[in-house]
Structures are given as structure tokens and as C-alpha cells.
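Working notes, beginning with the structure itself.
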Amino acid sequence: MSKKTVSLVLGSGGARGLAHIGVIRCLIERGYEIKYIAGTSIGALIGGIYAAGKLDEYERWVRELDRTDVVRLLDLSFTRGALFKGEKIIGVLRQLVGDANIEDLPIGFTAVATDLNTEKEIWLNQGPLFDAIKASVAVPMVFEPVKIGKRLLVDGGLVNPIPIAPTLNDDSMMTIVVDLNAPAEEIQLEPAEISENNQNHSEYRTKLVKFIEDLFSSDDDTQDDIPNFYDLLMRSMDAMQTTIANFRMAAYKPDVIIHIPRDVCDFFEFYKASRLIEFGNKRACESLKTLYDTAPDI
């Protein structure tokens with residue numbers, strides 16, 4: 001019996017996107033073949049790494065991150081355009097995954113970014129993989145914009161947090177969407193314990209963590225009901241992306257939508273990788289139960 005083929009759409013949502021790994025694992029375990037991936041922001045990162053055949057390596061690496069590891073990957077920018085350059089994390093991922101051109105990947109792949117000058121959605125489906133990923137994850141004011149050719153590109157989630165359209169010409173049997181901006185469910189995942197051998201609480205790292213956290217905190221105790229800079233930015237992005245995503249899914253009806261609630265973790269909580277991967281796997285397998293196919297019960 002031939003495998004059930006899938007076009008997979010991976011949405012934007014910061015660290016919540018680690019749930020994409022669990023979704024992919026569920027699909028593979030149930031016998032689905034992923035023929036095409038379209039992703040925005042973290043969806044482009046996870047999707048691109050999977051398309052390059054390096055998801056196992058990335059998963060092992062990200063599961064070992066603790067809170068200070070995440071902070072050390074944030075390279076401060078001294079320009080007026082953003083808090084961080086984004087070069088350090090991309091450099092680490094290049095070493096982990098290796099360089100590749102999108103058109104040479106064994107799986108079809110499109111990363112979505114936003115052109116700041118034209119205010120249009122840009123599909124990146126050729127050229128260096130990590131140039132496309134870096135552009136797609138460039139959250140305004142958080143990471144510096146990326147210049148590709150004459151275009152100045154930022155996070156694709158600004159215009160299309162769930163990029164279904166790039167998959168429409170694919171001949172897969174079904175389209176599966178992973179929505180990272182689903183309604184809150186009062187869930188807050190806790191990080192998995194990391195062995196002491198993987199923790200390094202040096203004075204340098206402690207100071208660095210505090211410095212980054214201070215950037216995102218308010219010293220005015222009288223303003224408890226008003227979000228700080230970081231919370232305001234992220235919550236505003238979530239609200240905007242939720243609205244756009246709902247319109248997109250109304251226009252292009254996918255076969256399956258896997259909902260990841262927006263309150264499972266905060267934007268930079270990548271140190272919760274193990275819990276997020278497990279959560280994504282569970283939600284994906286629950287969603288696939290609704291299909292009338294021959295997939296085994298779980």
C-alpha cells in the first residue's frame with residue numbers, strides 16, 4: 001500500500017514552533033510521507049531543517065538547551081533597528097545542518113518572508129537555505145532585517161503566519177496545517193530537567209541572563225497591568241497573526257488543522273524543547289484520529 005502523502009504547513013510562533021518537530025514525528029510514525037513543506041518564521045526553520053534531512057541532529061541539540069544556553073545564542077545588535085543580530089544562532093545552525101540550496105533539497109520547500117519596502121509576502125524557494133530561514137525569522141525590533149538582492153526582508157508572520165498557498169500546486173493527498181496561535185487553554189509547559197553535566201552556571205552566563213532579562217522587564221511596580229516592551233511586542237504579534245491566520249484558513253481550507261495554544265510557552269522559551277516536542281506529537285496524533293484512514297490507534 002502506498003504511503004499517504006502530505007503537504008505540511010508550519011506556522012509562526014516563536015518557541016512554540018518546537019511543537020512542529022513532534023508533529024513531524026507523529027506523521028512519520030503513522031506512515032505519512034511529507035512531500036512538500038511551506039513555513040513561516042519558526043515554521044520555516046523547522047521545515048527547512050527537516051527538508052535538508054537534519055531534523056534528528058537539530059532535535060538532539062535543541063533538547064539539551066537550558067535557559068542560559070538560549071540567552072548566549074542572542075547576539076546583541078548595536079544598531080537602532082533591532083535588539084539582536086541573529087547571526088550567532090544562524091551560524092550554529094549552519095554548522096549543525098550544513099549549507100544547502102533550497103532547490104537541491106530532497107523535499108519541496110518554501111520559506112515565507114515579508115518585503116518591508118513593498119509590504120508584500122515573498123516566497124523563498126531557491127537559493128541558500130539559511131538565507132531564507134534568517135529572513136523568515138527576522139521578527140521586527142527583535143532581529144535585524146535581512147537583505148536578499150534588493151529586498152529588505154523580515155518575519156513572514158507579519159503577512160502570512162500560515163502559508164497554505166505555496167502548497168496548492170503540490171499533488172499531495174492532503175494538506176495539514178500546524179497553527180501555533182490557537183486560543184489559549186491555560187497551559188504553561190515546564191522545562192524538562194537537564195542533567196547537571198549540561199548546566200554551566202558561570203558568573204558570565206549569570207550576568208548575561210540578567211542583562212537580557214532586564215531588557216524585557218519594567219522597573220515601574222505601579223504599572224503591573226501594563227505589559228513591558230517584550231510582552232507588548234509579542235502579544236501584539238500574536239493578536240495580529242491570529243487574525244490573519246483565521247482569514248487564510250477560511251480562504252484555503254486544509255484537510256487537517258493541528259492547534260497549538262498560544263499560551264503553552266513564551267516566545268524565547270526554547271529551553272522547554274522536550275516538553276514542546278512531546279506536546280506537538282500528542283496534539284498531532286489526536287488530530288489525525290479524526291481522519292477516516294487506516295492509521296493505527298494510539
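We name chains A, B, ... following the order of the C-alpha cells; residues begin at 1 in each chain, and ligands are numbered from 1 as shown.
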
Listing only residues of range 90-206 of chain A within 7 Å of range 43-66 of chain A, what is the closest atom pair and its distance in Å (to one decimal) for each, using only C-alpha atoms, sorted by chain and residue number ascending, as a Markdown table?
| residue | atom | partner | partner_atom | distance |
| --- | --- | --- | --- | --- |
| A:Val97 | CA | A:Lys54 | CA | 5.8 |
| A:Leu105 | CA | A:Ala52 | CA | 5.7 |
| A:Pro106 | CA | A:Ala51 | CA | 6.5 |
| A:Ile107 | CA | A:Ala51 | CA | 5.2 |
| A:Phe109 | CA | A:Gly48 | CA | 6.8 |
| A:Ala111 | CA | A:Ala44 | CA | 5.1 |
| A:Ile133 | CA | A:Leu45 | CA | 5.5 |
| A:Ser136 | CA | A:Ala44 | CA | 6.7 |

With N, CA, C and O atoms retained, could you export that selection as a compact mmCIF listing (two decimals), in the first residue's frame?
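Result file is again.txt:
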# COMPACT_ATOMS: atom_id res chain seq x y z
N VAL A 97 23.66 21.77 10.50
CA VAL A 97 22.91 21.25 9.36
C VAL A 97 23.75 21.20 8.08
O VAL A 97 23.62 20.29 7.26
N LEU A 105 17.18 20.48 -2.25
CA LEU A 105 16.67 19.67 -1.14
C LEU A 105 15.83 18.51 -1.65
O LEU A 105 15.16 18.63 -2.69
N PRO A 106 15.83 17.38 -0.96
CA PRO A 106 15.04 16.22 -1.41
C PRO A 106 13.54 16.41 -1.24
O PRO A 106 12.76 15.63 -1.81
N ILE A 107 13.12 17.42 -0.47
CA ILE A 107 11.71 17.71 -0.27
C ILE A 107 11.45 19.14 -0.71
O ILE A 107 12.24 20.05 -0.43
N PHE A 109 10.30 22.86 -0.67
CA PHE A 109 10.28 23.74 0.50
C PHE A 109 10.16 25.20 0.07
O PHE A 109 10.80 25.65 -0.87
N ALA A 111 10.04 29.03 2.15
CA ALA A 111 10.03 29.88 3.35
C ALA A 111 9.36 31.20 2.97
O ALA A 111 9.57 31.73 1.88
N ILE A 133 15.86 31.14 5.72
CA ILE A 133 15.42 30.96 7.10
C ILE A 133 15.66 32.22 7.91
O ILE A 133 14.80 32.67 8.67
N SER A 136 13.08 34.78 7.12
CA SER A 136 11.74 34.42 7.58
C SER A 136 11.57 34.57 9.08
O SER A 136 10.46 34.83 9.55

Write out as a ChimeraX atom specification the residues lying within 6 Å of Gly156 in chain A, counting only C-alpha atoms and excluding same-chain residues fewer than 6 positions away. /A:40,112-114,136

Keeping only all heavy atoms, write the selected residues as a PDB file, in the first residue's frame.
ATOM      1  N   THR A  40       6.598  29.578   7.822  1.00  0.00           N
ATOM      2  CA  THR A  40       6.862  30.969   8.158  1.00  0.00           C
ATOM      3  C   THR A  40       7.577  31.027   9.495  1.00  0.00           C
ATOM      4  O   THR A  40       7.189  30.333  10.436  1.00  0.00           O
ATOM      5  CB  THR A  40       5.541  31.757   8.264  1.00  0.00           C
ATOM      6  OG1 THR A  40       4.966  31.910   6.967  1.00  0.00           O
ATOM      7  CG2 THR A  40       5.773  33.154   8.827  1.00  0.00           C
ATOM      8  N   VAL A 112       8.555  31.722   3.881  1.00  0.00           N
ATOM      9  CA  VAL A 112       7.831  32.955   3.608  1.00  0.00           C
ATOM     10  C   VAL A 112       8.425  34.096   4.439  1.00  0.00           C
ATOM     11  O   VAL A 112       8.661  33.942   5.647  1.00  0.00           O
ATOM     12  CB  VAL A 112       6.328  32.812   3.927  1.00  0.00           C
ATOM     13  CG1 VAL A 112       5.609  34.141   3.782  1.00  0.00           C
ATOM     14  CG2 VAL A 112       5.712  31.777   2.991  1.00  0.00           C
ATOM     15  N   ALA A 113       8.680  35.219   3.777  1.00  0.00           N
ATOM     16  CA  ALA A 113       9.174  36.421   4.446  1.00  0.00           C
ATOM     17  C   ALA A 113       8.325  37.609   4.005  1.00  0.00           C
ATOM     18  O   ALA A 113       7.458  37.490   3.132  1.00  0.00           O
ATOM     19  CB  ALA A 113      10.651  36.655   4.116  1.00  0.00           C
ATOM     20  N   THR A 114       8.575  38.756   4.610  1.00  0.00           N
ATOM     21  CA  THR A 114       7.852  39.984   4.274  1.00  0.00           C
ATOM     22  C   THR A 114       8.821  41.012   3.731  1.00  0.00           C
ATOM     23  O   THR A 114       9.851  41.290   4.346  1.00  0.00           O
ATOM     24  CB  THR A 114       7.158  40.571   5.521  1.00  0.00           C
ATOM     25  OG1 THR A 114       6.251  39.604   6.049  1.00  0.00           O
ATOM     26  CG2 THR A 114       6.395  41.842   5.174  1.00  0.00           C
ATOM     27  N   SER A 136      13.083  34.777   7.118  1.00  0.00           N
ATOM     28  CA  SER A 136      11.741  34.418   7.576  1.00  0.00           C
ATOM     29  C   SER A 136      11.572  34.572   9.076  1.00  0.00           C
ATOM     30  O   SER A 136      10.463  34.826   9.554  1.00  0.00           O
ATOM     31  CB  SER A 136      11.423  32.973   7.156  1.00  0.00           C
ATOM     32  OG  SER A 136      10.072  32.659   7.406  1.00  0.00           O
TER      33      SER A 136
END

Determine which residues of range 10-207 of chain A DSSP labels as strand (DSSP E or B) from the backbone of this structure, then write them out as a PyMOL selection string. chain A and resi 10+32-40+76+82-84+101+108-115+120-124+128+141-143+146-148+151-155+174-182

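Between CA of Asp69 in chain A and CA of Tyr271 in chain A lies a distance of 8.0 Å.
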
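The two atoms in question, CA of Ser236 in chain A and CA of Asn160 in chain A, are spaced 15.1 Å apart.
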
Range 54-285 of chain A: residues DSSP assigns to helix (DSSP H, G or I), reported as a PyMOL selection string: chain A and resi 55-63+67-72+87-97+102-104+129-136+156-158+165-167+196-198+203-215+221-223+229-251+270-285

Residues just named, written with C-alpha atoms as an mmCIF file, in the first residue's frame:
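Result file follows (part-v5.cif):
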data_model
loop_
_atom_site.group_PDB
_atom_site.id
_atom_site.type_symbol
_atom_site.label_atom_id
_atom_site.label_comp_id
_atom_site.auth_asym_id
_atom_site.auth_seq_id
_atom_site.Cartn_x
_atom_site.Cartn_y
_atom_site.Cartn_z
ATOM 1 C CA LEU A 55 15.951 17.089 11.939
ATOM 2 C CA ASP A 56 17.456 14.361 14.132
ATOM 3 C CA GLU A 57 20.621 16.404 14.675
ATOM 4 C CA TYR A 58 18.672 19.566 15.406
ATOM 5 C CA GLU A 59 16.328 17.810 17.823
ATOM 6 C CA ARG A 60 19.188 16.309 19.824
ATOM 7 C CA TRP A 61 20.824 19.735 20.044
ATOM 8 C CA VAL A 62 17.736 21.740 20.981
ATOM 9 C CA ARG A 63 16.643 19.247 23.643
ATOM 10 C CA ARG A 67 17.856 28.804 29.771
ATOM 11 C CA THR A 68 21.329 30.340 29.710
ATOM 12 C CA ASP A 69 22.242 28.459 26.504
ATOM 13 C CA VAL A 70 19.329 30.222 24.805
ATOM 14 C CA VAL A 71 20.480 33.619 26.051
ATOM 15 C CA ARG A 72 24.026 33.025 24.844
ATOM 16 C CA GLU A 87 23.865 35.842 13.164
ATOM 17 C CA LYS A 88 25.034 33.678 16.056
ATOM 18 C CA ILE A 89 22.094 31.283 16.033
ATOM 19 C CA ILE A 90 22.182 31.015 12.232
ATOM 20 C CA GLY A 91 25.918 30.290 12.399
ATOM 21 C CA VAL A 92 25.343 27.486 14.898
ATOM 22 C CA LEU A 93 22.593 26.007 12.738
ATOM 23 C CA ARG A 94 24.770 26.173 9.616
ATOM 24 C CA GLN A 95 27.414 24.129 11.436
ATOM 25 C CA LEU A 96 24.795 21.663 12.624
ATOM 26 C CA VAL A 97 22.905 21.248 9.355
ATOM 27 C CA ILE A 102 16.635 25.081 -1.406
ATOM 28 C CA GLU A 103 16.252 23.818 -4.962
ATOM 29 C CA ASP A 104 18.609 20.921 -4.169
ATOM 30 C CA LEU A 129 18.573 27.650 2.733
ATOM 31 C CA PHE A 130 19.796 29.619 5.726
ATOM 32 C CA ASP A 131 19.497 32.980 3.964
ATOM 33 C CA ALA A 132 15.806 32.183 3.517
ATOM 34 C CA ILE A 133 15.418 30.963 7.103
ATOM 35 C CA LYS A 134 17.177 34.007 8.549
ATOM 36 C CA ALA A 135 14.876 36.323 6.602
ATOM 37 C CA SER A 136 11.741 34.418 7.576
ATOM 38 C CA GLY A 156 6.887 36.265 7.203
ATOM 39 C CA GLY A 157 4.348 36.049 10.004
ATOM 40 C CA LEU A 158 3.582 39.745 9.546
ATOM 41 C CA ALA A 165 -0.870 28.962 -0.777
ATOM 42 C CA PRO A 166 2.685 27.751 -1.650
ATOM 43 C CA THR A 167 1.446 24.159 -1.309
ATOM 44 C CA GLU A 196 23.988 18.700 35.910
ATOM 45 C CA ASN A 197 26.641 17.834 33.345
ATOM 46 C CA ASN A 198 24.809 20.022 30.847
ATOM 47 C CA GLU A 203 29.346 34.183 36.561
ATOM 48 C CA TYR A 204 29.491 35.378 32.947
ATOM 49 C CA ARG A 205 26.380 33.462 31.953
ATOM 50 C CA THR A 206 24.501 34.570 35.047
ATOM 51 C CA LYS A 207 25.224 38.228 34.304
ATOM 52 C CA LEU A 208 24.316 37.799 30.649
ATOM 53 C CA VAL A 209 20.984 36.219 31.513
ATOM 54 C CA LYS A 210 20.164 39.067 33.893
ATOM 55 C CA PHE A 211 21.134 41.681 31.311
ATOM 56 C CA ILE A 212 18.870 40.195 28.630
ATOM 57 C CA GLU A 213 16.007 39.747 31.077
ATOM 58 C CA ASP A 214 16.344 43.376 32.194
ATOM 59 C CA LEU A 215 15.802 44.457 28.587
ATOM 60 C CA ASP A 221 5.956 48.453 40.009
ATOM 61 C CA THR A 222 2.871 50.642 39.684
ATOM 62 C CA GLN A 223 2.272 49.524 36.114
ATOM 63 C CA PHE A 229 8.171 46.152 25.970
ATOM 64 C CA TYR A 230 8.801 42.484 25.268
ATOM 65 C CA ASP A 231 5.363 41.247 26.355
ATOM 66 C CA LEU A 232 3.614 44.034 24.461
ATOM 67 C CA LEU A 233 5.508 43.254 21.263
ATOM 68 C CA MET A 234 4.919 39.504 21.444
ATOM 69 C CA ARG A 235 1.264 39.774 22.431
ATOM 70 C CA SER A 236 0.653 42.278 19.651
ATOM 71 C CA MET A 237 2.290 39.941 17.151
ATOM 72 C CA ASP A 238 0.164 37.043 18.396
ATOM 73 C CA ALA A 239 -3.051 39.067 18.085
ATOM 74 C CA MET A 240 -2.204 40.181 14.561
ATOM 75 C CA GLN A 241 -1.134 36.722 13.415
ATOM 76 C CA THR A 242 -4.210 35.059 14.882
ATOM 77 C CA THR A 243 -6.487 37.345 12.871
ATOM 78 C CA ILE A 244 -4.536 36.846 9.638
ATOM 79 C CA ALA A 245 -4.331 33.079 10.166
ATOM 80 C CA ASN A 246 -8.097 32.806 10.561
ATOM 81 C CA PHE A 247 -8.630 34.629 7.262
ATOM 82 C CA ARG A 248 -6.064 32.443 5.498
ATOM 83 C CA MET A 249 -7.619 29.209 6.704
ATOM 84 C CA ALA A 250 -11.062 30.434 5.705
ATOM 85 C CA ALA A 251 -9.788 31.116 2.170
ATOM 86 C CA PHE A 270 13.373 27.258 23.644
ATOM 87 C CA TYR A 271 14.735 25.572 26.760
ATOM 88 C CA LYS A 272 11.322 23.882 27.009
ATOM 89 C CA ALA A 273 12.092 21.925 23.840
ATOM 90 C CA SER A 274 11.455 18.420 25.157
ATOM 91 C CA ARG A 275 8.033 19.326 26.562
ATOM 92 C CA LEU A 276 7.054 21.233 23.412
ATOM 93 C CA ILE A 277 8.077 18.379 21.108
ATOM 94 C CA GLU A 278 6.074 15.910 23.185
ATOM 95 C CA PHE A 279 3.103 18.283 23.217
ATOM 96 C CA GLY A 280 3.203 18.692 19.436
ATOM 97 C CA ASN A 281 3.356 14.945 18.942
ATOM 98 C CA LYS A 282 0.362 14.393 21.206
ATOM 99 C CA ARG A 283 -1.736 17.104 19.553
ATOM 100 C CA ALA A 284 -0.888 15.882 16.059
ATOM 101 C CA CYS A 285 -1.805 12.279 16.809
#

Report as a tab-separated table: every residue of range 21-89 of chain A with an atom at most 9 Å from range 168-180 of chain A, its closest pair of atoms, and their distance in Å to one decimal, counting only C-alpha atoms, with rows sorted by chain and ascending residue number.
residue	atom	partner	partner_atom	distance
A:Val23	CA	A:Val178	CA	8.1
A:Ile34	CA	A:Ser172	CA	8.4
A:Lys35	CA	A:Ser172	CA	6.7
A:Tyr36	CA	A:Asp170	CA	7.2
A:Gly43	CA	A:Val178	CA	8.8

Just N, CA and C atoms for this one: save the residues we selected as a JSON list (two decimals), in the first residue's frame.
[["chain", "number", "residue", "atom", "x", "y", "z"],
["A", 23, "VAL", "N", 5.02, 17.14, 15.66],
["A", 23, "VAL", "CA", 4.04, 16.89, 14.59],
["A", 23, "VAL", "C", 4.67, 16.04, 13.49],
["A", 34, "ILE", "N", 5.84, 13.17, 3.85],
["A", 34, "ILE", "CA", 5.79, 14.62, 3.68],
["A", 34, "ILE", "C", 6.47, 14.97, 2.36],
["A", 35, "LYS", "N", 5.69, 15.44, 1.40],
["A", 35, "LYS", "CA", 6.23, 15.74, 0.08],
["A", 35, "LYS", "C", 6.59, 17.21, -0.09],
["A", 36, "TYR", "N", 5.94, 18.06, 0.66],
["A", 36, "TYR", "CA", 6.20, 19.50, 0.49],
["A", 36, "TYR", "C", 5.99, 20.19, 1.84],
["A", 43, "GLY", "N", 8.43, 28.13, 11.69],
["A", 43, "GLY", "CA", 7.97, 27.07, 10.79],
["A", 43, "GLY", "C", 8.92, 26.88, 9.62]]
